[in-house]
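Okay, structure first, notes after.
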Amino acid sequence: MDEIKAFLSARAAGAIAHQDLLDETSRQFGISPRDAEGYALSAGLLPARYQRNLNTLSIRQQLALFNARIAVIGCGGLGGYVIEELARLGIGNIVAVDPDRFEEHNMNRQLLCTLETLDRQKAVVAAERVLKINPAISVTPITEAFKCGNASSMLNGCDLAVDALDTISVRIELAKVCAELKMPLVHGAIAGWFGQIAVQLPGEHTVLNILERCGERQGIEKETGNPSFAPAFVASLQSAEVCKIIIDKTSPMKGRLLFIDLFEMRFEEMHVG
Amino acid sequence: MQITIKLFATLRNNRFDSSKMEYSAGTTVLDVLNNLSISEKEAAIIFVNGRHVERDHVMLDGDSVSIFPPIGGG
């Protein structure tokens, strides 16, 4: 282990480890791209792909992100962008959950839906996309629907869950499971020009409290549809909260609901017990 | 007493964004919803003065109630 770190430190460009050095380290020591990136970060070296994270995130924080395991429940509009952003941010382990296949009506807003991916399973396409961005990420596609019965195996070992679902009743199930497991949850939802985000930290029921009165399967999105910018925007807010919760174990969103109106370009924040 | 009502998203359609309205003492959130013909399932999330409340919450003079529809798309 020390030998690998010494090898990396001796050849790094200052505190930066370029991809060719990581590849050379993998070959030299017979280790995976994932282990090479992990050894670099542990040695206080920043893989060059994260150079533009530096000064926003320290190398120590980048290592915390690399060691984190995040479950993204839903790989559609929100989930596609969340997975893309978490992969580029440097999250080291991603569980991508979605039972559906891409359909033509997903094309207007779902990042991972292209002519090539039509009819293919969303979770599998998400995993392939992550590995194209960074083969050092461990990505686990799950092509089953989230439900109470399989929740604990899906979320096993995860530090946080992202609610990128499209059915309110299933969102409520996820919020209940996360409350029971004391697992942080980052909730996001969209409808037309509108969106909302909230976080539920261990010991809290914030998202449950928000959703408990939403008795229907769907909200106003069944009338409004969803344009391209709504999932991209809300997913970015969710990704920012994931980053902070992994690093700081808390979030400035604690106890709040942020409601987003992209038509009037106004943002309302409310307090939720 | 005077209450400020703020509606969001599709609840504004054929209604208003924000309005000050007169109500009698003891008015609850549910009374306001009925008065505006907003059904229970349309009013998913309700806040008074920025704090989450239930439908039986009794309003006071000068209160501001914000009503949001359910949003569940992903």
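By convention here, the chains of the structure tokens are called A, B, ... in the order presented, each chain's residues are numbered starting at 1, and ligands are numbered starting at 1 in the order presented.
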Distance-based interface of chain A with chain B, 7 Å, counting only C-alpha atoms, as a PyMOL selection string: chain A and resi 76-78+164-168+189-191+194+210+213-215+218-221+231+270-273
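Note that DSSP on the backbone gives strand (DSSP E or B) to these residues of chain B: Gln2, Ile3, Thr4, Ile5, Lys6, Leu7, Ser18, Ser19, Lys20, Met21, Glu22, Thr28, Ile45, Ile46, Phe47, Val48, Arg51, His52, Val58, Ser64, Val65, Ser66, Ile67, Phe68 and Gly73 of chain B.
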Neighbour list for A:Glu3 as a VMD selection string, cut-off 12 Å, only C-alpha atoms, skip fewer than 3 positions in-chain: chain A and resid 6 to 10 25 28 to 29 39 to 40 43
Please dump the current selection as a PDB file, in the first residue's frame; keep C-alpha atoms.
```
ATOM      1  CA  ALA A   6       5.157   6.311  -2.873  1.00  0.00           C
ATOM      2  CA  PHE A   7       5.070   5.371  -6.584  1.00  0.00           C
ATOM      3  CA  LEU A   8       2.226   7.855  -7.158  1.00  0.00           C
ATOM      4  CA  SER A   9       3.771  10.648  -5.058  1.00  0.00           C
ATOM      5  CA  ALA A  10       7.129  10.356  -6.834  1.00  0.00           C
ATOM      6  CA  THR A  25      -0.114   2.554 -11.486  1.00  0.00           C
ATOM      7  CA  GLN A  28       2.418  -1.686 -12.564  1.00  0.00           C
ATOM      8  CA  PHE A  29       0.721  -3.052  -9.441  1.00  0.00           C
ATOM      9  CA  TYR A  39      -4.569   5.269  -3.425  1.00  0.00           C
ATOM     10  CA  ALA A  40      -3.934   8.642  -5.079  1.00  0.00           C
ATOM     11  CA  ALA A  43      -1.785   9.830  -0.579  1.00  0.00           C
TER      12      ALA A  43
END
```
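Using only C-alpha atoms, the smallest distance between any of A:Gln51, A:Thr117, A:Gln110, A:Thr224 and A:Trp193 comes from A:Thr224.
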Residue contacts of B:Gln2 (7 Å, only C-alpha atoms) excluding same-chain residues fewer than 3 positions away, as a list in words: Lys20, Met21, Glu22, Tyr23, Asp61 and Gly62 of chain B
Which of B:Arg55, B:Ile5, B:Leu60, B:Ser39 sits closest to B:Ser24 [using only C-alpha atoms]: B:Leu60
